[in-house]
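Coordinates from work.cif are shown below (mmCIF, C-alpha atoms).
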data_upload
#
loop_
_atom_site.label_atom_id
_atom_site.label_comp_id
_atom_site.auth_asym_id
_atom_site.auth_seq_id
_atom_site.Cartn_x
_atom_site.Cartn_y
_atom_site.Cartn_z
CA MET Y 160 32.52 124.22 0.91
CA LYS Y 161 31.69 127.92 0.55
CA ALA Y 162 35.15 128.91 1.83
CA TYR Y 163 36.79 126.46 -0.56
CA LEU Y 164 34.90 127.79 -3.58
CA GLY Y 165 35.44 131.37 -2.41
CA LYS Y 166 39.19 130.94 -2.82
CA MET Y 167 38.68 130.49 -6.54
CA ARG Y 168 37.26 133.97 -7.02
CA GLY Y 169 40.63 135.62 -6.53
CA GLU Y 170 41.06 139.15 -5.31
CA PRO Y 171 41.25 142.42 -7.19
CA THR Y 172 44.92 143.25 -7.48
CA PRO Y 173 46.32 146.35 -9.10
CA ARG Y 174 48.58 145.35 -11.95
CA PRO Y 175 51.11 147.77 -13.34
CA ARG Y 176 50.91 148.40 -17.05
CA VAL Y 177 53.94 147.72 -19.19
CA GLY Y 178 55.04 150.74 -21.16
CA TRP Y 179 55.82 150.62 -24.84
CA LYS Y 180 59.58 151.10 -24.21
CA ASP Y 181 59.71 148.09 -21.91
CA ALA Y 182 57.68 146.05 -24.38
CA CYS Y 183 60.14 147.01 -27.14
CA TRP Y 184 63.12 145.91 -25.02
CA SER Y 185 61.37 142.60 -24.39
CA TRP Y 186 60.73 142.21 -28.11
CA LEU Y 187 64.35 143.01 -28.97
CA GLY Y 188 65.68 140.48 -26.46
CA ALA Y 189 63.30 137.71 -27.50
CA PHE Y 190 63.90 138.33 -31.21
CA THR Y 191 67.68 138.43 -30.81
CA GLY Y 192 67.85 135.39 -28.54
CA MET Y 193 65.69 133.22 -30.77
CA ALA Y 194 67.39 134.53 -33.93
CA VAL Y 195 70.80 133.55 -32.59
CA ILE Y 196 69.56 130.08 -31.63
CA CYS Y 197 67.89 129.61 -35.03
CA TRP Y 198 70.98 130.87 -36.86
CA LEU Y 199 73.25 128.54 -34.87
CA SER Y 200 70.87 125.68 -35.55
CA SER Y 201 70.80 126.24 -39.30
CA ALA Y 202 74.36 127.45 -39.93
CA TRP Y 203 76.62 125.59 -37.53
CA LEU Y 204 74.70 122.82 -35.92
CA SER Y 205 72.48 121.78 -38.80
CA GLN Y 206 72.84 118.12 -37.80
CA GLN Y 207 71.79 118.85 -34.20
CA LEU Y 208 68.42 119.80 -32.81
CA LEU Y 209 68.84 123.20 -31.13
CA ILE Y 210 65.33 124.64 -31.24
CA VAL Y 211 63.00 123.40 -28.51
CA GLY Y 212 59.49 124.61 -27.69
CA SER Y 213 60.34 125.37 -24.07
CA PHE Y 214 62.67 128.15 -25.30
CA GLY Y 215 59.63 130.24 -26.20
CA ALA Y 216 58.49 130.22 -22.58
CA THR Y 217 62.03 130.86 -21.37
CA SER Y 218 62.10 133.91 -23.65
CA VAL Y 219 58.97 135.30 -21.99
CA LEU Y 220 60.59 135.02 -18.58
CA ILE Y 221 64.10 136.30 -19.27
CA TYR Y 222 63.13 139.13 -21.62
CA ALA Y 223 59.65 140.21 -20.46
CA ALA Y 224 59.95 139.42 -16.72
CA PRO Y 225 63.70 139.59 -16.01
CA GLU Y 226 63.10 140.43 -12.34
CA SER Y 227 61.21 137.17 -11.73
CA PRO Y 228 62.98 134.52 -9.62
CA PHE Y 229 62.09 132.03 -12.38
CA ALA Y 230 64.10 134.13 -14.87
CA GLN Y 231 67.39 134.19 -12.96
CA PRO Y 232 70.34 132.41 -14.60
CA SER Y 233 70.67 129.56 -12.08
CA HIS Y 234 66.97 128.79 -12.43
CA VAL Y 235 67.03 128.98 -16.22
CA LEU Y 236 70.09 126.81 -16.71
CA PHE Y 237 69.91 124.29 -13.87
CA GLY Y 238 66.11 124.06 -13.77
CA SER Y 239 66.05 123.29 -17.49
CA VAL Y 240 69.01 120.89 -17.56
CA LEU Y 241 67.93 118.96 -14.45
CA SER Y 242 64.40 118.68 -15.79
CA ALA Y 243 65.66 117.47 -19.15
CA LEU Y 244 67.73 114.81 -17.35
CA VAL Y 245 64.61 113.69 -15.50
CA GLY Y 246 62.68 113.56 -18.77
CA VAL Y 247 65.33 111.48 -20.52
CA GLY Y 248 65.43 109.11 -17.55
CA CYS Y 249 61.65 108.67 -17.63
CA TYR Y 250 61.74 107.99 -21.37
CA GLN Y 251 64.60 105.49 -21.01
CA LEU Y 252 62.75 103.60 -18.26
CA LEU Y 253 59.15 103.76 -19.46
CA GLY Y 254 59.16 104.87 -23.10
CA ALA Y 255 56.80 107.50 -24.51
CA THR Y 256 53.85 106.48 -22.35
CA PRO Y 257 51.29 108.64 -20.56
CA ILE Y 258 52.69 107.59 -17.16
CA SER Y 259 56.21 108.51 -18.30
CA MET Y 260 55.02 111.95 -19.41
CA ALA Y 261 53.23 112.54 -16.11
CA LEU Y 262 56.27 111.38 -14.15
CA ALA Y 263 58.65 113.52 -16.21
CA VAL Y 264 56.70 116.70 -15.47
CA SER Y 265 55.96 115.95 -11.81
CA LEU Y 266 59.45 114.68 -10.98
CA SER Y 267 61.05 117.65 -12.71
CA ILE Y 268 58.97 119.97 -10.53
CA LEU Y 269 60.06 118.03 -7.46
CA VAL Y 270 63.75 118.21 -8.46
CA MET Y 271 63.56 121.92 -9.27
CA GLN Y 272 61.88 122.70 -5.96
CA LEU Y 273 64.39 120.64 -3.97
CA THR Y 274 67.34 122.31 -5.75
CA HIS Y 275 65.81 125.82 -5.57
CA THR Y 276 65.99 126.17 -9.35
CA VAL Y 277 62.31 126.37 -10.35
CA HIS Y 278 61.99 127.43 -13.97
CA PRO Y 279 58.53 126.60 -15.42
CA PRO Y 280 59.84 125.90 -18.95
CA GLY Y 281 62.01 123.22 -17.35
CA ALA Y 282 58.93 121.05 -16.92
CA ALA Y 283 58.26 121.54 -20.64
CA ALA Y 284 61.82 120.40 -21.39
CA ALA Y 285 61.13 117.24 -19.37
CA LEU Y 286 57.89 116.60 -21.23
CA ILE Y 287 59.57 117.20 -24.60
CA ALA Y 288 62.23 114.60 -23.67
CA VAL Y 289 59.46 112.01 -23.45
CA ALA Y 290 56.94 113.20 -26.04
CA GLY Y 291 59.27 114.95 -28.48
CA GLY Y 292 59.50 112.16 -31.00
CA ALA Y 293 62.34 110.41 -32.77
CA SER Y 294 64.56 113.47 -33.26
CA VAL Y 295 64.61 114.09 -29.51
CA HIS Y 296 64.81 110.43 -28.51
CA LYS Y 297 67.78 109.95 -30.83
CA LEU Y 298 69.73 112.51 -28.77
CA GLY Y 299 69.36 110.40 -25.63
CA TRP Y 300 71.44 111.67 -22.72
CA TRP Y 301 72.84 114.47 -24.92
CA TYR Y 302 69.43 116.19 -24.94
CA PRO Y 303 70.01 117.96 -21.58
CA LEU Y 304 73.29 119.43 -22.90
CA ILE Y 305 72.41 120.06 -26.56
CA PRO Y 306 69.88 121.56 -27.14
CA ILE Y 307 68.73 122.43 -23.59
CA GLY Y 308 71.94 123.54 -21.89
CA ALA Y 309 73.49 125.16 -24.95
CA GLY Y 310 70.26 126.97 -25.85
CA CYS Y 311 69.84 128.27 -22.31
CA VAL Y 312 73.41 129.58 -22.26
CA VAL Y 313 72.89 131.40 -25.59
CA MET Y 314 69.63 132.95 -24.41
CA LEU Y 315 71.15 133.97 -21.06
CA VAL Y 316 74.09 135.71 -22.77
CA VAL Y 317 71.67 137.63 -24.97
CA ALA Y 318 69.45 138.44 -21.96
CA ILE Y 319 72.40 139.82 -20.00
CA LEU Y 320 73.53 141.95 -22.94
CA VAL Y 321 70.12 143.26 -24.08
CA ASN Y 322 68.39 143.70 -20.71
CA ASN Y 323 71.25 145.81 -19.39
CA LEU Y 324 71.19 148.15 -22.39
CA ALA Y 325 68.06 149.78 -20.99
CA ARG Y 326 68.77 152.18 -18.12
CA HIS Y 327 65.77 151.02 -16.12
CA ARG Y 328 66.53 147.28 -16.42
CA ARG Y 329 68.99 145.15 -14.51
CA TYR Y 330 69.64 141.50 -15.25
CA PRO Y 331 70.36 139.27 -13.48
CA ARG Y 332 69.07 140.10 -10.02
CA TYR Y 333 71.16 137.21 -8.68
CA TRP Y 334 73.02 134.22 -10.03
#
How does the structure come out when it is put into structure tokens?
Amino acid sequence: MKAYLGKMRGEPTPRPRVGWKDACWSWLGAFTGMAVICWLSSAWLSQQLLIVGSFGATSVLIYAAPESPFAQPSHVLFGSVLSALVGVGCYQLLGATPISMALAVSLSILVMQLTHTVHPPGAAAALIAVAGGASVHKLGWWYPLIPIGAGCVVMLVVAILVNNLARHRRYPRYW
């Protein structure tokens, strides 16, 4: 039992500090990406839902941690879309029930791991498909494409453009 509890203490690990320039690049990317999505949502696609909560977490990864495996384009796009498909399937089969929500999250993790496309906000996209309410449920099987797929593509384009403006940044690391 002592060894088990000892694992929970963690270990001291040196963590590099983020400089103000890097933080400003992250801010610029996140602001631009979300501004483009919000503008598209209000100006062109006002009848469609394009803003989803999981995009906030995706922004953290692709703009503030662009070197992370979870932030790479294949993970962002396929992890999110596959997870959204799982979420819609769970909602269609079981409705907006607690078991459906639990299955949506856990099955999306399973699918992402098996396809090597783990993107943590993908699990949020799956949960939103079940718990997101009438506006999300009305989209049905379109939800994985619009807003999830389209929003991810917009944010990835912005991430590629903004992250590569800085001399010390490179995005993506791989596709």
*So how many Å separate atom CA of Y:Gly212 and atom CA of Y:Arg328, to one decimal?*
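So the answer is 26.3 Å.
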*Out of Y:Val312, Y:Leu252, Y:Leu324, Y:Met167, which residue has the shortest atom-to-atom distance to Y:Gln231 when counting all atoms listed in the file?*
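Counting all atoms listed in the file, the residue closest to Y:Gln231 is Y:Val312.
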_Explicit residue set for the PyMOL selection byres ((chain Y and resi 260-272) around 10), as a ChimeraX atom specification_ = /Y:234,237-250,253-259,273-279,281-290
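Restricting the calculation to all atoms listed in the file, the smallest distance between Y:Lys180 and any of Y:Leu298, Y:Ala216, Y:Ala325, Y:Ala318 is found for Y:Ala325.
Applied to the file shown here, the PyMOL selection byres ((chain Y and resi 188) around 7) selects Trp184, Ser185, Trp186, Leu187, Ala189, Phe190, Thr191, Gly192, Tyr222, Val317, Ala318 and Val321 of chain Y.
In this structure, atom CA of Y:Leu315 sits 11.4 Å away from atom CA of Y:Ile196.
In this comparison, which uses all atoms listed in the file, the residue of Y:Ile319, Y:Val195, Y:Ala202, Y:Leu304 approaching Y:Pro225 most closely is Y:Ile319.
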*Distance atom CA of Y:Ile305-atom CA of Y:Ser213, one decimal place?*
13.4 Å
*Please provide as a PyMOL selection string all residues within 9 Å of Y:Met193, with the sequence filter that same-chain residues fewer than 6 positions apart are discarded (counting only C-alpha atoms).*
chain Y and resi 210+214-215+218+314
*Nearest to Y:Cys311, chosen from Y:Gly292, Y:Pro228, Y:Leu209, Y:Ala223, with all atoms listed in the file counted in the distances*: Y:Leu209
Axis-aligned box for stretch 231-246 of chain Y, 5 Å per side, centre and edges in Å as AutoDock Vina command-line options:
--center_x 66.7 --center_y 123.9 --center_z -15.6 --size_x 18.0 --size_y 30.6 --size_z 17.1
